[in-house]
Each structure stands twice: as C-alpha cells, then as structure tokens.
Number of protein chains: 2
Amino acid sequence: MAPVHHRKEVDESYAKEKEAAFAEFIQRKGLKTTRQRNTIVATFFRMRGHVSVEELLNEVKKANSRIGYATVYRTLHLLVESELVEERRFGDGLARYEGHSDVEHHDHMICLECGEIFEFFNPRLEALQEKLAEENDFKIFRHRLELYGACKDPEACANRKQKRQASAGN
Amino acid sequence: MAPVHHRKEVDESYAKEKEAAFAEFIQRKGLKTTRQRNTIVATFFRMRGHVSVEELLNEVKKANSRIGYATVYRTLHLLVESELVEERRFGDGLARYEGHSDVEHHDHMICLECGEIFEFFNPRLEALQEKLAEENDFKIFRHRLELYGACKDPEACANRKQKRQASAGN
DNA sequence: TGGATTGCGAAAACCGTTTTCAATATCCAC
DNA sequence: GTGGATATTGAAAACGGTTTTCGCAATCCA
Ligand SMILES: [Mn+2]
Ligand SMILES: [Mn+2]
Ligand SMILES: [Zn+2]
Ligand SMILES: [Zn+2]
C-alpha cells in the first residue's frame with residue numbers, strides 16, 4: 001500500500017505541473033521570473049486545503065524569510081488571474097486560496113465547531129441552479145454555495161478541533 | 001388599482017410592526033429606548049432591498065443629521081441579534097442588511113452588470129442540500145447560495161444600471 | 001428627581017489588504 | 001557578457017469598512 005509514499009509522489013508531480021503552468025503564464029504575460037514568486041508558488045502547491053495568506057507566508061518564510069506580505073499578496077493575485085487558483089471567503093474575514101483539484105468546481109460545507117471544510121459536488125444541484133436562473137431570465141457566470149453547520153460525529157469533530165487549536169499556536 | 005397608495009400602506013404597517021418588535025426586544029434585553037435607535041430602526045424598515053450602512057446613514061441623517069456611523073453600526077448589530085434583520089455580503093466588501101420578508105429564507109442572484117439582486121426560493125434546492133449534508137454526516141445550521149451573472153434582458157439591465165449610477169451621485 | 005447605568009458621537013484604533021517608493025533584480029538588444 | 005529599460009521587491013504607509021474608546025448626555029427606576 002504505502003499510502004504516504006504514494007501521496008507524496010502525487011503531490012510532487014501535481015506541484016511540479018502547477019509550477020510549470022504558472023511559469024508559462026508568467027511568460028505569456030511578459031512578466032519576469034523571480035526567485036520570490038517561484039518560492040511562493042512552489043510552497044503554495046505543496047500545501048493542502050484552503051490556505052490563508054498568513055498560513056502561506058509562514059510556510060514561505062521557512063524557505064526565504066525575507067519575503068514579505070506584499071509579494072505573497074501580489075503572487076496570489078497572479079495565481080488567481082492565471083486560473084490556477086481560486087479565492088474563497090468563508091465569512092471569517094480573511095481570504096483563502098485553493099488550487100483547482102481534478103474536480104473543476106465544488107462547493108463547501110463548513111463545520112463551525114472544528115473548522116473542517118468538506119467539499120462536495122452534485123450535478124443535480126448545479127442543474128437546478130441553472131433551471132432557476134433560466135426562470136428568472138438570468139445567465140449564471142459563477143456561484144457560491146456554502147453550508148454552515150456542524151459535523152454529526154462529535155468525536156471526530158472534537159479531535160479536529162483540538163488538532164486545529166494545537167497548530168494555531170505555532 | 002392605485003398600486004402606489006396600496007404599497008405605501010403595506011410598507012407602513014410592515015414598518016410599524018417591525019418597530020414594535022424591536023422595541024420589545026430592547027425591553028426584553030433591559031436596554032434603553034433612545035431617539036437615535038428609534039430613528040434608525042424606523043428609517044431602516046421603510047427602505048427596501050439590501051441596504052448598506054452608508055445608504056442607511058444617508059437616510060437617517062435626513063431625520064437627524066447628528067446621528068453618526070457608530071450608532072448606525074451598533075443599532076444594526078442589535079437588529080441582527082433580534083433576528084429582525086439579516087446581514088448579507090455579496091462580495092463587494094461591504095455588509096448589506098435586509099429585513100426578513102414574509103418568505104423566511106431565500107437566496108440571491110446578483111447581476112454583475114446592473115447590480116440588481118433577484119431573490120428566489122426553491123424547496124427542491126433546499127431539500128437537495130439537506131440530502132447532501134446527510135450523506136456527509138453533516139448538520140446544516142444555515143447556508144448561503146449566491147448566483148453571480150447577468151440579466152438576459154439587456155435593455156432592462158442597461159436601464160437599471162443607468163438608474164443606479166444616477167442615484168450613486170447623490 | 002437623583003443618580004446609577006446606558007447610550008451617544010467624534011475620533012482613534014483595528015485589521016486585512018493594497019499601494020507607494022526607493023532599492024534591487026530581470027532580461028533583451030547589443 | 002553588459003548596459004540599461006523595465007519589472008519586482010519589501011518596509012512602511014495608506015486604505016476602507018468596521019469596531020472601540022472616551023468624555024459627555026440621555027434614560028429610567030427607586
Ligand atoms: Mn474547496
Ligand atoms: Mn434578500
Ligand atoms: Zn466539526
Ligand atoms: Zn442586470
């Protein structure tokens with residue numbers, strides 16, 4: 001099985017692929033290749049989940065402690081513009097970023113207890129939205145659906161909560 | 001027909017009802033009745049749509065120009081706490097508030113061209129969300145669904161856009 | 001009606017994000 | 001390779017919506 005090893009390889013090739021796509025975007029736009037941007041992008045695509053700017057900067061600083069907020073913000077904007085990354089806002093006042101996974105689009109359930117974010121996709125839901133838009137003579141460009149609530153499994157939820165609070169105190 | 005007159009009466013009784021409910025909430029909480037809060041609440045429930053703080057303050061100042069932002073913000077928090085009003089955020093960086101209409105819950109379509117906000121409610125959509133939550137062992141407390149796009153009727157959209165830009169320059 | 005308690009408004013603080021600006025790095029034409 | 005036009009960087013300041021502070025004013029119960 002060796003799931004950890006497998007996972008690591010998958011992450012690496014995924015990250016490499018995204019880094020290459022970003023490099024191509026940079027060239028296509030006539031922008032310059034810089035160490036800082038490369039570091040930030042490489043770091044980002046090796047993180048999982050819905051990453052805040054601060055979380056990303058903390059990781060980035062491990063590779064190059066001189067990189068500051070401004071460059072991280074600027075690079076994230078480029079990543080969004082390149083469509084390699086999407087910005088999310090789950091109502092806690094800060095932007096979070098995620099790389100597109102294989103599932104192109106998905107929505108989110110956010111546990112207000114442990115902070116876990118579950119992703120889901122349902123074609124019927126998507127179709128129903130289209131139908132409702134049609135009825136209102138409306139053309140959808142994009143949508144956001146967020147279900148706020150709580151995990152039903154109290155044990156798993158409590159564990160995650162603990163884990164999160166532990167990692168919050170870096 | 002006299003739709004305007006009819007509308008006015010409906011709004012008045014609606015506003016009066018909400019004002020009374022807020023007064024009751026204030027007493028229940030042991031807070032004091034003040035002119036400023038009454039003015040703000042009375043003004044709010046006579047406005048339609050999804051009202052920003054600035055829009056509300058502008059209206060409020062017509063009745064009492066000495067009222068400032070702080071009191072408007074504080075009163076809106078009370079209105080939300082009383083559950084007479086809901087806060088919305090449609091991604092333009094500012095909070096908007098709406099009184100509960102007869103339809104208790106609804107979702108939104110936002111035209112990115114003219115800024116119009118259409119409201120809708122669909123029981124199948126709600127049920128489907130519940131089903132998906134169930135499958136993920138998740139209990140929904142609340143949700144937000146926003147469809148961003150554009151009106152299909154270009155004329156109506158352009159008219160609304162013009163109207164909005166006109167009223168923006170107060 | 002006194003007086004403890006709340007609420008008020010102007011201004012300052014807050015907080016995540018964006019912009020400024022002087023110094024530095026990139027990279028294309030030579 | 002090198003010069004030099006151009007883009008990028010990082011610290012710090014600015015921004016914009018919201019919250020908090022603080023001294024004064026209003027509320028309201030005994
Ligand atoms: Mn996601
Ligand atoms: Mn609404
Ligand atoms: Zn949970
Ligand atoms: Zn429109």
# chains A, B, ... in the order shown; residues from 1 in each chain; ligands from 1
>>> select_by_dssp(residues="segment 1-151 of chain A", states="helix (DSSP H, G or I)", output="VMD selection string")
chain A and resid 3 to 28 35 to 44 53 to 63 69 to 81 123 to 135
>>> closest_atom_pairs(of="chain A", to="ligand 3", cutoff="12 Å", atoms="only C-alpha atoms and all ligand atoms", output="CSV")
residue,atom,partner,partner_atom_place_in_ligand_line,distance
A:Met109,CA,ligand 3,1 (Zn),10.0
A:Ile110,CA,ligand 3,1 (Zn),7.9
A:Cys111,CA,ligand 3,1 (Zn),4.5
A:Leu112,CA,ligand 3,1 (Zn),6.6
A:Glu113,CA,ligand 3,1 (Zn),4.9
A:Cys114,CA,ligand 3,1 (Zn),4.0
A:Gly115,CA,ligand 3,1 (Zn),6.0
A:Glu116,CA,ligand 3,1 (Zn),5.6
A:Ile117,CA,ligand 3,1 (Zn),8.4
A:Phe118,CA,ligand 3,1 (Zn),9.7
A:Tyr148,CA,ligand 3,1 (Zn),10.4
A:Gly149,CA,ligand 3,1 (Zn),8.2
A:Ala150,CA,ligand 3,1 (Zn),5.1
A:Cys151,CA,ligand 3,1 (Zn),4.3
A:Lys152,CA,ligand 3,1 (Zn),7.6
A:Asp153,CA,ligand 3,1 (Zn),7.7
A:Pro154,CA,ligand 3,1 (Zn),7.4
A:Glu155,CA,ligand 3,1 (Zn),8.9
A:Ala156,CA,ligand 3,1 (Zn),7.1
A:Cys157,CA,ligand 3,1 (Zn),3.9
A:Ala158,CA,ligand 3,1 (Zn),6.9
A:Asn159,CA,ligand 3,1 (Zn),8.7
A:Arg160,CA,ligand 3,1 (Zn),6.9
A:Lys161,CA,ligand 3,1 (Zn),7.0
A:Gln162,CA,ligand 3,1 (Zn),10.5
A:Lys163,CA,ligand 3,1 (Zn),11.4
A:Arg164,CA,ligand 3,1 (Zn),10.7
>>> interface_residues(of="chain D", to="chain A", cutoff="12 Å", atoms="only C-alpha atoms (C1' of nucleotides)", output="PyMOL selection string")
chain D and resi 6-12+17-18
>>> residues_near_ligand(ligand="ligand 2", cutoff="12 Å", atoms="only C-alpha atoms (C1' of nucleotides) and all ligand atoms", output="PyMOL selection string")
chain B and resi 48-51+85-90+96-110+116-121+144-146
>>> residues_around(residues="Leu79 of chain B", least_positions_apart="4", cutoff="12 Å", atoms="only C-alpha atoms (C1' of nucleotides)", output="list in words")
Lys18, Glu19, Ala21, Phe22, Ala23, Glu24, Phe25, Ile26, Arg37, Asn38, Ile40, Val41, Ala42, Phe44, Phe45, Val72, Tyr73, Arg74, Thr75, Glu83, Leu84, Val85, Glu86, Glu87, Tyr97, Glu98, Gly99 and His100 of chain B
>>> interface_residues(of="chain C", to="chain A", cutoff="9 Å", atoms="only C-alpha atoms (C1' of nucleotides)", output="ChimeraX atom specification")
/C:16-18,25-27
>>> closest_residue(among="B:His77, B:Lys16, B:Lys139, B:Lys62", to="chain A", atoms="only C-alpha atoms")
B:Lys139
>>> select_by_dssp(residues="segment 9-154 of chain B", states="strand (DSSP E)", output="ChimeraX atom specification")
/B:51-52,85-89,95-99,107-111,117-120,138-151
>>> atom_distance(atom1="atom CA of Asp92 of chain A", atom2="atom CA of Leu76 of chain B")
18.8 Å
